[in-house]
Each structure stands twice: as structure tokens, then as C-alpha cells.
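Quick look at input-v7.txt (compact mmCIF, C-alpha atoms and all ligand atoms):
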# COMPACT_ATOMS: atom_id res chain seq x y z
CA MET P 27 111.34 101.79 98.13
CA THR P 28 112.47 99.57 100.96
CA ALA P 29 115.79 97.80 100.48
CA PRO P 30 116.04 94.32 101.92
CA ALA P 31 118.42 93.86 104.83
CA PRO P 32 121.56 92.02 103.71
CA PRO P 33 122.38 88.70 105.35
CA SER P 34 124.60 89.11 108.36
CA SER P 35 126.76 86.48 110.03
CA GLU P 36 128.78 88.75 112.29
CA ALA P 37 127.91 88.41 115.98
CA ALA P 38 126.18 85.12 115.20
CA ALA P 39 129.21 83.05 116.19
CA VAL P 40 130.96 82.52 119.52
CA PRO P 41 134.56 83.72 119.00
CA GLY P 42 137.16 80.97 119.27
CA ARG P 43 134.64 78.19 119.79
CA THR P 44 133.52 75.50 117.40
CA PRO P 45 129.78 75.63 116.87
CA VAL P 46 127.63 72.58 117.52
CA LEU P 47 124.92 74.22 115.43
CA SER P 48 125.45 76.90 112.84
CA VAL P 49 122.33 78.54 111.41
CA ARG P 50 122.70 80.87 108.46
CA GLY P 51 119.89 82.61 106.61
CA LEU P 52 117.16 80.30 107.92
CA SER P 53 113.74 81.31 106.63
CA VAL P 54 110.40 79.53 106.83
CA ARG P 55 107.36 80.41 104.74
CA PHE P 56 103.93 78.81 105.02
CA LEU P 57 102.01 78.63 101.76
CA MET P 58 98.36 79.29 102.58
CA PRO P 59 95.17 78.91 100.52
CA GLY P 60 94.66 81.71 98.04
CA GLY P 61 98.39 82.16 97.50
CA ARG P 62 98.97 83.90 100.84
CA ARG P 63 102.44 83.44 102.35
CA VAL P 64 103.14 83.61 106.06
CA ALA P 65 106.70 84.71 106.89
CA ALA P 66 107.16 82.71 110.10
CA VAL P 67 110.98 82.99 110.25
CA THR P 68 113.15 85.30 108.16
CA ASP P 69 116.90 85.19 107.66
CA ALA P 70 117.98 83.88 111.07
CA HIS P 71 121.73 83.71 111.77
CA PHE P 72 123.17 82.23 114.96
CA ASP P 73 125.54 79.60 116.34
CA VAL P 74 125.31 77.42 119.42
CA ALA P 75 128.73 76.37 120.74
CA ALA P 76 129.59 73.29 122.79
CA GLY P 77 129.10 74.13 126.46
CA GLU P 78 126.93 77.12 125.57
CA CYS P 79 123.30 77.88 126.37
CA LEU P 80 121.68 80.21 123.85
CA ALA P 81 118.25 81.42 124.94
CA LEU P 82 115.89 82.31 122.11
CA ILE P 83 113.26 84.64 123.53
CA GLY P 84 110.27 86.61 122.28
CA GLU P 85 106.51 86.87 122.62
CA SER P 86 104.25 83.95 121.73
CA GLY P 87 103.75 83.58 117.99
CA CYS P 88 107.01 85.32 117.02
CA GLY P 89 108.38 82.25 115.21
CA LYS P 90 110.51 80.62 117.94
CA SER P 91 108.84 77.23 117.88
CA VAL P 92 108.59 77.25 114.08
CA LEU P 93 112.36 77.67 114.03
CA ALA P 94 112.71 74.67 116.38
CA SER P 95 110.41 72.59 114.20
CA ALA P 96 112.46 73.53 111.14
CA LEU P 97 115.64 72.28 112.84
CA LEU P 98 113.97 68.95 113.63
CA GLY P 99 112.30 68.55 110.23
CA LEU P 100 108.87 68.67 111.85
CA LEU P 101 107.26 71.43 109.79
CA PRO P 102 103.90 70.81 108.09
CA ALA P 103 103.74 70.01 104.39
CA ASN P 104 102.87 73.58 103.36
CA ALA P 105 106.13 74.94 104.82
CA ARG P 106 109.08 75.97 102.67
CA THR P 107 112.53 76.58 104.11
CA ALA P 108 115.63 78.40 102.91
CA GLY P 109 119.15 78.78 104.31
CA ARG P 110 121.35 76.32 106.19
CA ALA P 111 121.41 74.78 109.64
CA LEU P 112 124.65 72.85 109.97
CA LEU P 113 125.02 70.25 112.69
CA GLY P 114 128.57 69.17 112.01
CA ASP P 115 128.54 68.42 108.29
CA LEU P 116 124.83 67.72 108.14
CA ASP P 117 122.48 70.42 106.89
CA LEU P 118 119.29 69.84 108.87
CA LEU P 119 117.23 71.81 106.36
CA ALA P 120 118.35 69.64 103.45
CA ALA P 121 118.23 66.26 105.25
CA ASP P 122 115.58 63.75 104.18
CA GLU P 123 113.06 62.28 106.61
CA ARG P 124 114.95 58.98 106.88
CA THR P 125 118.11 60.79 108.02
CA LEU P 126 116.17 63.01 110.40
CA SER P 127 114.31 60.15 112.03
CA ARG P 128 117.25 57.72 112.18
CA THR P 129 120.19 59.94 113.00
CA VAL P 130 119.00 63.41 114.04
CA ARG P 131 116.05 63.25 116.42
CA GLY P 132 117.24 61.80 119.72
CA ARG P 133 120.75 60.98 118.50
CA LEU P 134 122.17 64.30 117.29
CA VAL P 135 119.46 66.56 118.72
CA GLY P 136 117.86 65.76 122.06
CA LEU P 137 114.44 67.40 122.34
CA VAL P 138 113.12 68.59 125.69
CA PRO P 139 109.53 69.16 124.69
CA GLN P 140 107.08 71.91 125.56
CA SER P 141 104.47 69.47 126.91
CA PRO P 142 106.34 66.56 128.53
CA ALA P 143 103.20 64.74 129.63
CA ALA P 144 101.96 64.73 126.03
CA HIS P 145 105.40 63.66 124.81
CA LEU P 146 105.42 60.56 127.00
CA THR P 147 103.45 57.47 125.96
CA PRO P 148 100.50 57.37 128.40
CA VAL P 149 100.11 53.56 128.56
CA ARG P 150 103.72 52.74 129.41
CA THR P 151 105.75 53.34 132.54
CA VAL P 152 108.67 55.72 132.59
CA ARG P 153 111.02 52.77 133.08
CA SER P 154 109.67 51.01 130.00
CA GLN P 155 109.99 54.13 127.84
CA THR P 156 113.45 54.94 129.12
CA GLN P 157 114.69 51.39 128.53
CA GLU P 158 113.27 51.42 125.02
CA THR P 159 115.04 54.72 124.33
CA VAL P 160 118.30 53.31 125.70
CA SER P 161 117.99 50.28 123.41
CA ALA P 162 117.18 52.44 120.39
CA LEU P 163 119.78 55.18 120.85
CA THR P 164 122.77 53.55 122.54
CA GLY P 165 124.93 50.48 122.08
CA VAL P 166 123.87 49.06 125.45
CA ARG P 167 122.60 45.50 125.09
CA GLY P 168 121.34 42.86 127.51
CA ARG P 169 118.41 43.18 129.88
CA ALA P 170 120.36 43.99 133.03
CA ALA P 171 122.62 46.50 131.27
CA VAL P 172 119.68 48.29 129.63
CA ARG P 173 117.86 48.42 132.95
CA ALA P 174 120.94 49.88 134.65
CA ALA P 175 121.42 52.42 131.84
CA ALA P 176 117.79 53.51 132.12
CA ARG P 177 118.21 54.04 135.85
CA ALA P 178 121.38 56.05 135.21
CA ALA P 179 119.54 58.19 132.62
CA ALA P 180 116.76 58.90 135.11
CA ASP P 181 119.34 59.78 137.72
CA ARG P 182 121.03 62.27 135.38
CA ALA P 183 117.73 64.13 135.09
CA ALA P 184 117.09 63.86 138.86
CA PHE P 185 114.12 61.60 138.21
CA PRO P 186 113.62 59.48 141.37
CA ALA P 187 114.28 55.76 140.86
CA ASP P 188 111.28 54.81 142.97
CA HIS P 189 108.97 56.57 140.48
CA LEU P 190 110.27 54.70 137.41
CA ASP P 191 107.38 52.24 137.42
CA ARG P 192 104.78 55.01 137.33
CA TYR P 193 102.70 55.93 134.30
CA PRO P 194 102.83 59.52 132.98
CA HIS P 195 99.42 60.39 134.43
CA GLU P 196 100.76 59.49 137.87
CA LEU P 197 103.50 62.12 137.67
CA SER P 198 103.43 65.76 138.71
CA GLY P 199 104.32 68.37 136.09
CA GLY P 200 107.84 68.63 137.44
CA LEU P 201 108.41 64.87 137.41
CA ALA P 202 107.01 64.56 133.88
CA GLN P 203 109.45 67.29 132.86
CA ARG P 204 112.32 65.35 134.38
CA ALA P 205 111.20 62.14 132.69
CA ALA P 206 111.15 63.91 129.32
CA THR P 207 114.55 65.42 130.07
CA ALA P 208 115.91 61.96 130.92
CA LEU P 209 114.71 60.66 127.54
CA ALA P 210 116.25 63.66 125.77
CA LEU P 211 119.62 62.98 127.38
CA VAL P 212 119.80 59.24 126.68
CA GLY P 213 121.44 59.52 123.26
CA ASP P 214 124.08 61.95 124.58
CA ALA P 215 123.18 64.23 121.67
CA PRO P 216 125.61 67.09 121.01
CA LEU P 217 122.69 69.54 120.80
CA LEU P 218 119.84 69.84 123.28
CA LEU P 219 116.82 71.69 121.98
CA ALA P 220 114.48 72.72 124.78
CA ASP P 221 111.24 74.21 123.46
CA GLU P 222 109.51 76.13 126.26
CA PRO P 223 110.74 73.55 128.81
CA THR P 224 109.24 75.42 131.77
CA THR P 225 105.66 75.97 130.55
CA GLY P 226 103.15 75.40 133.34
CA LEU P 227 105.76 74.99 136.10
CA ASP P 228 105.89 77.10 139.24
CA ARG P 229 108.99 79.21 139.83
CA ALA P 230 110.77 76.67 142.01
CA LEU P 231 110.33 73.97 139.36
CA VAL P 232 111.33 76.39 136.60
CA ASP P 233 114.59 77.06 138.42
CA ARG P 234 115.18 73.37 139.03
CA THR P 235 114.44 72.43 135.41
CA VAL P 236 116.70 75.01 133.81
CA ASP P 237 119.43 74.27 136.36
CA GLU P 238 119.30 70.63 135.31
CA LEU P 239 119.58 71.60 131.65
CA ARG P 240 122.50 73.88 132.46
CA ARG P 241 124.23 71.10 134.39
CA HIS P 242 124.04 68.81 131.38
CA VAL P 243 125.47 71.52 129.15
CA ASP P 244 128.40 72.01 131.50
CA ALA P 245 129.09 68.31 132.04
CA PRO P 246 131.62 66.63 129.73
CA ASP P 247 130.01 64.61 126.98
CA ALA P 248 130.42 60.84 126.60
CA ALA P 249 133.70 61.34 124.73
CA GLY P 250 135.07 63.60 127.47
CA GLY P 251 134.56 66.67 125.27
CA THR P 252 133.34 70.12 126.19
CA GLY P 253 129.73 69.15 126.66
CA ARG P 254 126.58 69.78 124.73
CA GLY P 255 125.13 72.92 123.26
CA LEU P 256 121.71 74.01 124.49
CA LEU P 257 119.23 76.01 122.46
CA MET P 258 116.51 76.98 124.92
CA ILE P 259 113.40 78.51 123.39
CA THR P 260 111.44 80.37 126.02
CA HIS P 261 109.25 83.34 126.76
CA ASP P 262 110.41 83.14 130.39
CA LEU P 263 113.07 85.83 130.71
CA ALA P 264 113.84 84.94 134.32
CA ALA P 265 114.66 81.38 133.23
CA ALA P 266 116.83 82.72 130.41
CA GLU P 267 118.67 85.04 132.77
CA ARG P 268 119.34 82.16 135.13
CA VAL P 269 121.13 79.88 132.68
CA ALA P 270 121.90 81.53 129.33
CA ASP P 271 125.32 82.56 128.07
CA ARG P 272 123.82 84.49 125.18
CA VAL P 273 120.37 85.73 124.30
CA ALA P 274 118.75 85.93 120.88
CA VAL P 275 115.59 88.02 120.65
CA MET P 276 113.02 87.29 117.97
CA TYR P 277 110.30 89.65 116.83
CA ALA P 278 107.86 89.00 113.99
CA GLY P 279 110.00 86.13 112.67
CA ARG P 280 113.32 88.01 112.71
CA LEU P 281 116.23 87.96 115.15
CA VAL P 282 116.50 91.58 116.21
CA GLU P 283 119.21 91.27 118.87
CA LEU P 284 121.91 88.73 119.74
CA ALA P 285 123.87 89.62 122.89
CA ASP P 286 125.86 88.26 125.81
CA ALA P 287 123.45 87.42 128.61
CA ALA P 288 125.49 89.31 131.20
CA SER P 289 125.28 92.61 129.34
CA PHE P 290 121.71 91.95 128.18
CA PHE P 291 120.33 91.36 131.67
CA GLY P 292 122.82 93.65 133.41
CA THR P 293 124.67 96.68 132.09
CA PRO P 294 124.20 98.26 129.58
CA GLY P 295 121.07 96.15 129.09
CA PRO P 296 119.28 95.31 125.85
CA ARG P 297 119.96 97.72 123.01
CA HIS P 298 116.99 96.94 120.77
CA PRO P 299 113.87 98.85 121.85
CA TYR P 300 111.77 95.67 121.70
CA SER P 301 114.25 93.73 123.86
CA ARG P 302 114.32 96.62 126.32
CA GLY P 303 110.52 96.58 126.41
CA LEU P 304 110.45 92.84 127.11
CA LEU P 305 112.79 93.26 130.05
CA GLN P 306 110.93 96.28 131.38
CA ALA P 307 107.73 94.22 131.40
CA LEU P 308 109.11 91.95 134.12
CA PRO P 309 107.46 92.38 137.54
CA ASP P 310 110.82 92.96 139.22
CA ARG P 311 111.66 95.72 136.74
CA ALA P 312 109.22 98.40 135.53
CA PHE P 313 106.29 95.95 135.20
CA ALA P 314 105.21 97.92 132.12
CA PRO P 315 104.10 95.76 129.19
CA VAL P 316 105.20 96.55 125.65
CA PRO P 317 102.29 98.57 124.26
CA GLY P 318 100.30 97.25 121.31
CA MET P 319 100.32 93.85 119.67
CA PRO P 320 102.77 92.06 117.34
CA PRO P 321 101.89 92.19 113.64
CA GLU P 322 100.38 89.29 111.74
CA LEU P 323 103.18 87.20 110.22
CA GLY P 324 101.13 87.02 107.04
CA ASP P 325 100.90 90.79 106.78
CA LEU P 326 104.26 92.26 107.77
CA PRO P 327 105.21 95.83 106.88
CA GLU P 328 108.11 96.50 104.53
CA GLY P 329 110.15 98.33 107.15
CA CYS P 330 110.81 97.52 110.82
CA ALA P 331 107.89 95.43 112.07
CA PHE P 332 108.24 96.88 115.58
CA ALA P 333 107.77 100.50 114.42
CA PRO P 334 104.08 100.87 115.47
CA ARG P 335 105.06 99.94 119.06
CA CYS P 336 108.45 101.61 119.21
CA PRO P 337 109.14 104.83 121.14
CA ARG P 338 112.28 105.47 119.06
CA ALA P 339 110.72 105.05 115.61
CA SER P 340 111.51 107.63 112.96
CA ALA P 341 110.99 108.00 109.25
CA ALA P 342 114.15 105.90 108.70
CA CYS P 343 112.34 102.90 110.20
CA ALA P 344 110.15 102.61 107.11
CA ALA P 345 113.20 100.80 105.68
CA LEU P 346 114.14 97.39 107.05
CA PRO P 347 117.19 97.77 109.32
CA ALA P 348 120.24 95.66 108.52
CA THR P 349 121.76 93.52 111.27
CA VAL P 350 124.97 95.14 112.53
CA GLY P 351 126.83 93.87 115.57
CA GLY P 352 123.96 91.54 116.40
CA LEU P 353 121.41 94.38 116.32
CA ALA P 354 118.71 95.07 113.76
CA CYS P 355 117.65 98.63 114.60
CA HIS P 356 118.15 102.08 113.10
CA HIS P 357 118.25 103.72 116.54
CA PRO P 358 119.57 101.28 119.18
CA LEU P 359 119.87 102.22 122.84
CA PRO P 360 123.29 103.08 124.30
CA GLY P 361 125.97 100.39 124.37
CA ASP P 362 129.06 99.87 126.51
CA ASP P 363 130.49 103.14 125.25
CA GLY P 364 127.43 104.98 126.52
CA GLU P 365 126.81 106.49 123.11
CA ALA P 366 123.16 106.63 122.11
CA PRO P 367 122.56 107.44 118.46
CA SER P 368 120.01 110.20 118.07
CA PRO P 369 116.63 108.77 117.09
CA THR P 370 116.45 111.23 114.26
CA ALA P 371 120.09 111.54 113.22
CA SER P 372 120.72 107.95 112.14
CA SER P 373 119.75 106.68 108.76
CA THR P 374 119.73 103.39 106.93
CA GLU P 375 122.91 104.41 105.14
CA ASP P 376 124.60 105.29 108.47
CA ILE P 377 123.75 101.93 109.96
CA ARG P 378 124.90 99.92 106.96
CA ALA P 379 128.11 101.83 106.40
S1 LIG Z 401 114.09 102.48 116.29
FE1 LIG Z 401 113.20 101.99 114.31
S2 LIG Z 401 114.35 100.20 113.59
FE2 LIG Z 401 114.69 100.36 115.80
S3 LIG Z 401 113.13 99.06 116.72
FE3 LIG Z 401 112.32 101.15 116.67
S4 LIG Z 401 111.15 101.22 114.77
FE4 LIG Z 401 112.50 99.44 114.63

Have the structure of the file written as C-alpha cells, please.
Amino acid sequence: MTAPAPPSSEAAAVPGRTPVLSVRGLSVRFLMPGGRRVAAVTDAHFDVAAGECLALIGESGCGKSVLASALLGLLPANARTAGRALLGDLDLLAADERTLSRTVRGRLVGLVPQSPAAHLTPVRTVRSQTQETVSALTGVRGRAAVRAAARAAADRAAFPADHLDRYPHELSGGLAQRAATALALVGDAPLLLADEPTTGLDRALVDRTVDELRRHVDAPDAAGGTGRGLLMITHDLAAAERVADRVAVMYAGRLVELADAASFFGTPGPRHPYSRGLLQALPDRAFAPVPGMPPELGDLPEGCAFAPRCPRASAACAALPATVGGLACHHPLPGDDGEAPSPTASSTEDIRA
């Protein structure tokens, strides 16, 4: 009989720093025809602190974007959520649509979308859309002041002023990305949520885009505070390495590792076998893809979902591993102390002790 992993909050927080966003036990289920349930996200725990970039990584379809949609209240009607996602005192999972549309999207959470060209209104110029966003999200009033604020917003996202009167279809992918970023920054939201912000960009534009996001995280906010928090959802590990302070790895709807970016991308490296496999798949590392395919979220095994692809799997992995020290694995790879638990010596009881 497989015991469920207990909720775990340790390692989710940034020590000594006030979280902008605090997610505890977030789960999303999709209710499908015939009574089938799809476990898109299960029991996610993490914080994003002011001035911090947390990169949420994992293969396509692992639940990353569903998690983002849950935070913004943009899930379809057949979705059911559990847990909390506190943005200050506001629980995003419990907020009604009126609150989400009037005070969350754009004002408390700035969204840098996956497809900026699709996010922009095609029949209006960037200037028009930016001015409208300024009027809607800020206290700036008066035609000249709004126009100046729109120009300043474009400037913050490195969007060239002489392109402001262009329509979205007249922009390159990189410029559309900057226009969308400019809109996301207008409300000076304490949390930036970037959902695959570098999709379709070449490497130079990827670097430029994530650098811009990082700059806005580091810059003081409008009140002179410690800046914004950035939750960057991406499958681009090079982009994550470039700007993230911490890395959260998702597999089959669960966070399996939460680690400092420096140790994750450097030494000792990822400790979860799936995270290690993701990194080893990079062309500048072993260039060896993780073998096999992720499981269907509607048909997950009772134990560790990575077991069929894992070189360290043992009989213990038939039981779901608890999250300890930010790791959900019965047999993690060596840590800072260089100790590697034997793949066969560890047990569920050992890990949870
Ligand atoms: S060692 Fe076991 S628990 Fe850890 S990732 Fe592999 S199969 Fe999962």
C-alpha cells in the first residue's frame, strides 16, 4: 500500500525574506467525461521573494502552465483547485473573478505571456495599447501625462520609441516580446509571472529578454522597496541558469526539487535524478536526452512517477517519496557533503525520519 507524501513547506521559503507569493499545497484536478480525473498539479509548495527570480522548469506538459493559470484564475470550468497561493493577504485560489480581473491581473500580477503577438490586440498600435494600460492600471491622468507614461513604460522594456505607432504584425518576435513586457510592467505589480517568455526567440533574443526581466526584478519598485518577485516558467534551462536565484523542477505535476540556482547549475548539481537528466540533455553538457516519455497525468502510478525512466529506481520507489530538504526522491544524488545514499539502502522510512 502506498502512503501519500505528507505536505512539506521546508525549503519552500527564502530564509529571512518576506515572500511576495507563498504557495502551499496547490493542487489542480481536471474533471473529465466519464469521471476521469487528470492530476495536473499536485501539492506544490514554494515562495517567491521580493527581488528573487524563481525558475519553474520541466518538460512540456508537466503542469507548469496549469500552475500559472491557477495563480491567475484562468483555469477552465472543469478544473478544481486545492491549497493556498497567498499574494500578501489575498489567496489567489479563493479570490472571485471580480477580484482577479480588477485587482490581480495586471495590478498585483504582471503577466509576460507565452505568445506576445497573440496577447497584443492586432488592430491597435503599441502606443494605443500601452496608453490604455497606463490609464487602466495607474493614477496617471491627462493626455500628455498618459502619453509620457506610455513612452516611459516602453523605455523600461527597451521597446524603441520610434516603433510605438506600429501594429503588432509589424513587429519582430523580439519587439513583440518587449511590447508585451512593457504592458506587464505598467502596473508596477509586485509579482511578475513570465510563462515561457522566450518561446520562439533565437538565443540572442532569449538572453536579452531574460536580462530585461532580471533587471526589473532587481530595480526598486515604485515605493522604493526591494523590487518585484519573478516567477519564470520555462523549459529553457540556459535561460533559467542565466537569471534565476532558485530553481523548482516539476515532473508529472509535482515539484521534485527546489534548489539554489548556483548549486543546481554548478556544484554539486541537481540531486533529483530527473533534474540531473534534464541538465545532462543540454548540448553543452552530455547532450543525452532523458530516456522514455513522461506519464499521462490522467494515469499516474501510485509511487514515484519518474521510476520507469530512472536509473536509480529501486523497490522503495513504488511508494511516493516525501519532500525532504526540497527533494522528493528516495535515492537522491550526492549533495554538498558528497554523501550519496545507496540506491538500495534507503527506504521510505529512512527518508521520512
Ligand atoms: S530514485 Fe526512486 S524516488 Fe528517486 S527519482 Fe528515481 S524512481 Fe523516483

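Atom pair atom CA of P:Gly84 / atom CA of P:Pro142: separated by 21.4 Å.
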
Item to check | Residues near stretch 196-200 of chain P, cut-off 10 Å, all atoms listed in the file, skip fewer than 3 positions along chain, as JSON, numbers by chain | outcome: {"P": [141, 142, 143, 148, 151, 152, 185, 189, 191, 192, 193, 203, 204, 205, 206, 224, 225, 226, 227, 228, 230, 231, 232, 234, 235]}

Item to check | Surroundings of ligand LIG 401 (chain Z) up to 10 Å, based on only C-alpha atoms and all ligand atoms, as a PyMOL selection string | outcome: chain P and resi 277+282+297-302+329-348+353-359+368-370+372-374

Could I get the residues of stretch 47-70 of chain P with an atom no further than 10 Å from an atom of stretch 116-130 of chain P, each paired with its nearest atom pair and that distance in Å to one decimal, using all atoms listed in the file, sorted by chain and residue number, as a Markdown table?
| residue | atom | partner | partner_atom | distance |
| --- | --- | --- | --- | --- |
| P:Leu47 | CA | P:Asp117 | CA | 9.7 |
| P:Ser48 | CA | P:Asp117 | CA | 9.3 |
| P:Val49 | CA | P:Asp117 | CA | 9.3 |
| P:Leu52 | CA | P:Leu119 | CA | 8.6 |

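Between atom CA of P:Gly114 and atom CA of P:Ala75 lies a distance of 11.3 Å.
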
Checklist outcome for this item: Pairwise distance, atom CA of P:Ala70 with atom CA of P:Leu93, equals 8.9 Å

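Nearest residue to P:Arg272 among P:Ser289, P:Thr164, P:Thr260, P:Thr252 is P:Ser289, counting all atoms listed in the file.
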
Checklist outcome for this item: Nearest to P:Thr68, restricted to only C-alpha atoms and choosing among P:Glu158, P:Arg280, P:Glu328, P:Ala220, comes out as P:Arg280

Checklist entry - With distances taken over only C-alpha atoms, which of P:Leu217, P:Ala245, P:Leu201, P:Ala162 is nearest to P:Val46? => result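 Counting only C-alpha atoms, the residue closest to P:Val46 is P:Leu217.
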
Item to check | From P:Ala174, P:Val269, P:Ser161, P:Val54, residue lying nearest P:Asn104 [only C-alpha atoms] | outcome: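 Of all the options, P:Val54 lies closest to P:Asn104.
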
Might I get the box with edges along x, y and z of the file that holds all atoms of stretch 257-267 of chain P listed there, padded by 6 Å on every side, given as centre and edge lengths in Å to one decimal, as AutoDock Vina command-line options?
--center_x 114.2 --center_y 80.9 --center_z 128.4 --size_x 22.0 --size_y 21.8 --size_z 23.9

Item to check | Pick from P:Ala103, P:Met258, P:Leu112, P:Val273 nearest to P:Asp221, counting all atoms listed in the file | outcome: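 Among P:Ala103, P:Met258, P:Leu112, P:Val273, it is P:Met258 that comes nearest to P:Asp221.
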